[in-house]
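Undergrad: Provided herewith: protein_35.txt, compact mmCIF, C-alpha atoms.
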```
# COMPACT_ATOMS: atom_id res chain seq x y z
CA MET G 223 107.02 122.56 -10.34
CA THR G 224 108.24 121.21 -13.68
CA LEU G 225 104.73 120.17 -14.67
CA ARG G 226 103.44 123.67 -13.93
CA ALA G 227 106.27 125.25 -15.94
CA SER G 228 105.57 122.87 -18.82
CA ALA G 229 101.86 123.76 -18.79
CA VAL G 230 102.61 127.48 -18.74
CA GLY G 231 105.10 127.05 -21.59
CA MET G 232 102.63 125.04 -23.64
CA VAL G 233 99.94 127.70 -23.16
CA ALA G 234 102.41 130.43 -24.13
CA GLY G 235 103.46 128.41 -27.19
CA PHE G 236 99.82 127.84 -28.10
CA VAL G 237 99.10 131.57 -27.89
CA TRP G 238 102.18 132.33 -29.98
CA GLY G 239 101.08 129.77 -32.59
CA VAL G 240 97.58 131.26 -32.78
CA VAL G 241 99.00 134.78 -33.12
CA ALA G 242 101.46 133.63 -35.81
CA ARG G 243 98.67 131.87 -37.70
CA GLY G 244 96.41 134.92 -37.46
CA PHE G 245 99.22 137.15 -38.68
CA MET G 246 99.80 134.87 -41.68
CA ARG G 247 96.08 134.98 -42.45
CA LEU G 248 96.11 138.78 -42.41
CA MET G 249 99.15 138.96 -44.68
CA THR G 250 97.76 136.84 -47.50
CA VAL G 251 95.51 137.99 -50.31
CA SER G 252 93.57 134.73 -50.56
CA PRO G 253 93.36 133.10 -47.12
CA GLU G 254 92.98 129.43 -48.05
CA PHE G 255 94.47 127.67 -45.05
CA THR G 256 94.06 124.05 -44.14
CA TRP G 257 93.23 122.74 -40.70
CA SER G 258 96.22 120.40 -40.85
CA GLY G 259 98.57 123.34 -41.40
CA THR G 260 96.97 125.30 -38.58
CA LEU G 261 97.17 122.34 -36.20
CA TYR G 262 100.80 121.75 -37.19
CA ILE G 263 101.84 125.35 -36.47
CA VAL G 264 99.89 125.64 -33.22
CA GLY G 265 100.91 122.14 -32.07
CA THR G 266 104.58 122.65 -32.83
CA ALA G 267 104.57 126.01 -31.05
CA SER G 268 102.89 124.41 -28.02
CA VAL G 269 105.39 121.55 -27.81
CA VAL G 270 108.39 123.83 -28.26
CA GLY G 271 106.98 126.25 -25.67
CA GLY G 272 106.53 123.41 -23.19
CA LEU G 273 110.06 122.11 -23.78
CA VAL G 274 111.58 125.57 -23.43
CA ALA G 275 109.72 126.08 -20.15
CA VAL G 276 110.90 122.71 -18.79
CA VAL G 277 114.49 123.48 -19.73
CA ARG G 278 114.29 126.91 -18.10
CA GLN G 279 112.77 125.47 -14.93
CA GLN G 280 115.44 122.79 -14.68
CA ARG G 281 118.22 125.27 -15.27
CA LEU G 282 116.90 127.51 -12.53
CA SER G 283 116.50 124.66 -10.04
CA GLY G 284 119.99 123.27 -10.74
CA ARG G 285 119.03 119.85 -9.33
CA SER G 286 119.53 117.62 -12.34
CA ARG G 287 120.94 117.93 -15.80
CA TRP G 288 118.59 115.57 -17.66
CA TRP G 289 117.01 118.57 -19.41
CA ARG G 290 120.00 118.67 -21.75
CA LEU G 291 118.62 115.57 -23.45
CA LEU G 292 115.50 117.46 -24.60
CA GLY G 293 117.39 118.91 -27.56
CA LEU G 294 118.58 115.51 -28.78
CA PRO G 295 115.59 114.76 -31.08
CA PHE G 296 116.04 118.11 -32.82
CA VAL G 297 119.76 117.54 -33.27
CA LEU G 298 119.14 114.10 -34.77
CA LEU G 299 116.40 115.42 -37.02
CA PHE G 300 118.38 118.30 -38.49
CA ALA G 301 121.88 116.80 -38.36
CA ALA G 302 120.87 114.15 -40.90
CA ALA G 303 120.20 116.83 -43.52
CA GLY G 304 123.48 118.55 -42.68
CA VAL G 305 125.46 115.34 -42.98
CA LEU G 306 124.10 114.85 -46.49
CA LEU G 307 124.31 118.47 -47.66
CA ALA G 308 127.76 119.42 -46.34
CA PRO G 309 129.73 116.91 -48.45
CA GLY G 310 127.50 117.74 -51.41
CA ARG G 311 128.54 121.36 -51.14
CA ARG G 312 132.18 120.38 -51.52
CA SER G 313 131.54 117.84 -54.27
CA SER G 314 133.51 117.85 -57.50
CA LEU G 315 130.31 117.25 -59.49
CA PRO G 316 129.00 120.67 -60.52
CA VAL G 317 125.31 119.72 -60.47
CA VAL G 318 125.48 118.26 -56.95
CA ARG G 319 127.54 121.20 -55.69
CA ILE G 320 125.16 123.79 -57.18
CA LEU G 321 122.02 122.06 -55.86
CA CYS G 322 123.40 121.58 -52.33
CA THR G 323 124.85 125.08 -52.14
CA GLY G 324 121.64 126.60 -53.47
CA PHE G 325 119.49 124.72 -50.96
CA ILE G 326 121.76 125.66 -48.04
CA GLU G 327 121.85 129.34 -48.97
CA VAL G 328 118.08 129.55 -49.49
CA VAL G 329 117.35 127.91 -46.13
CA ARG G 330 119.92 130.13 -44.37
CA GLY G 331 118.54 133.30 -45.91
CA VAL G 332 114.81 132.77 -45.38
CA PRO G 333 113.12 133.09 -41.96
CA PRO G 334 111.50 129.83 -40.73
CA LEU G 335 108.04 131.41 -40.42
CA THR G 336 108.19 132.29 -44.11
CA ILE G 337 109.06 128.70 -45.01
CA ILE G 338 106.12 127.40 -42.93
CA TYR G 339 103.78 129.95 -44.53
CA LEU G 340 104.87 129.07 -48.07
CA ALA G 341 104.66 125.35 -47.38
CA ASP G 342 101.14 125.72 -46.04
CA THR G 343 99.89 127.81 -48.95
CA MET G 344 101.84 126.28 -51.84
CA LEU G 345 101.78 122.55 -51.07
CA PRO G 346 97.99 122.23 -51.56
CA LEU G 347 98.44 123.71 -55.04
CA PHE G 348 100.89 120.97 -56.07
CA LEU G 349 99.42 117.99 -54.24
CA PRO G 350 96.18 116.40 -55.36
CA GLY G 351 93.54 116.86 -52.76
```
Please lay out the structure from this file as structure tokens.
TA:
Amino acid sequence: MTLRASAVGMVAGFVWGVVARGFMRLMTVSPEFTWSGTLYIVGTASVVGGLVAVVRQQRLSGRSRWWRLLGLPFVLLFAAAGVLLAPGRRSSLPVVRILCTGFIEVVRGVPPLTIIYLADTMLPLFLPG
């Protein structure tokens, strides 16, 4: 049952990723997207969709609680940035405090899909290719 839920979640995530990518393509004036960016968005959406479906299925079945460990990689990935930025925000050095506070406020105020879109369209302009 969990495998079926995971497959359904991955398909739903894949569809969401394709729709999000198509929407971003419609919104831009010059649609110059890379395959790596497209695969990243669709792949990430598929994996997250599969994990969400597994967690939902396990919560509904109530048999085991191992599904709580699925969030651990995300916590470790994003907690590292928080551990470095939080003390920087309270630093007595003005430059460090301004940079950390500015980064935190920009990330908090911008939707994640916008960050992914900008990264996909702007990074090829700055990186040699």
Undergrad: Interatomic distance between CA of Leu307 (chain G) and CA of Gly331 (chain G)?
TA: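 Straight-line distance from CA of Leu307 (chain G) to CA of Gly331 (chain G) works out to 16.0 Å.
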Undergrad: Nearest to Arg278 (chain G): which of G:Ser258, G:Ser314, G:Thr343, G:Ser228 is it, counting all atoms listed in the file?
TA: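 That would be G:Ser228, the residue with the smallest distance to Arg278 (chain G).
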Undergrad: Using only C-alpha atoms, pick whichever of G:Ile263, G:Met232, G:Val318, G:Leu225 has the shortest atom-to-atom distance to Leu335 (chain G).
TA: G:Ile263
Undergrad: Between CA of Trp238 (chain G) and CA of Gln280 (chain G), measure the distance and give it in Å to one decimal.
TA: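 Distance between the two atoms: 22.4 Å.
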Undergrad: May I have the residues within 10 Å of Val233 (chain G) as a list in words, using all atoms listed in the file and disregarding those fewer than 6 positions away in the same chain?
TA: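 Close residues of Val233 (chain G): Ala227, Gly239, Ala267, Ser268, Val269, Gly271 and Gly272 of chain G.
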Undergrad: Which is closer to Ala303 (chain G) than all the others in G:Ile320, G:Leu347, G:Leu315, G:Ile326, using only C-alpha atoms?
TA: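 That would be G:Ile326, the residue with the smallest distance to Ala303 (chain G).
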Undergrad: So how many Å separate CA of Tyr262 (chain G) and CA of Ala234 (chain G), to one decimal?
TA: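 CA of Ala234 (chain G) lies 15.8 Å from CA of Tyr262 (chain G).
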Undergrad: Select, from G:Leu298, G:Arg243, G:Gly304, G:Arg311, the residue with the minimum atom-to-atom distance to Thr256 (chain G), counting all atoms listed in the file.
TA: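 Residue with the minimum atom-to-atom distance to Thr256 (chain G): G:Arg243.
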Undergrad: With distances taken over all atoms listed in the file, which residue among G:Arg312, G:Gln279, G:Cys322, G:Thr336 lies nearest Phe245 (chain G)?
TA: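 Of G:Arg312, G:Gln279, G:Cys322, G:Thr336, the one nearest Phe245 (chain G), counting all atoms listed in the file, is G:Thr336.
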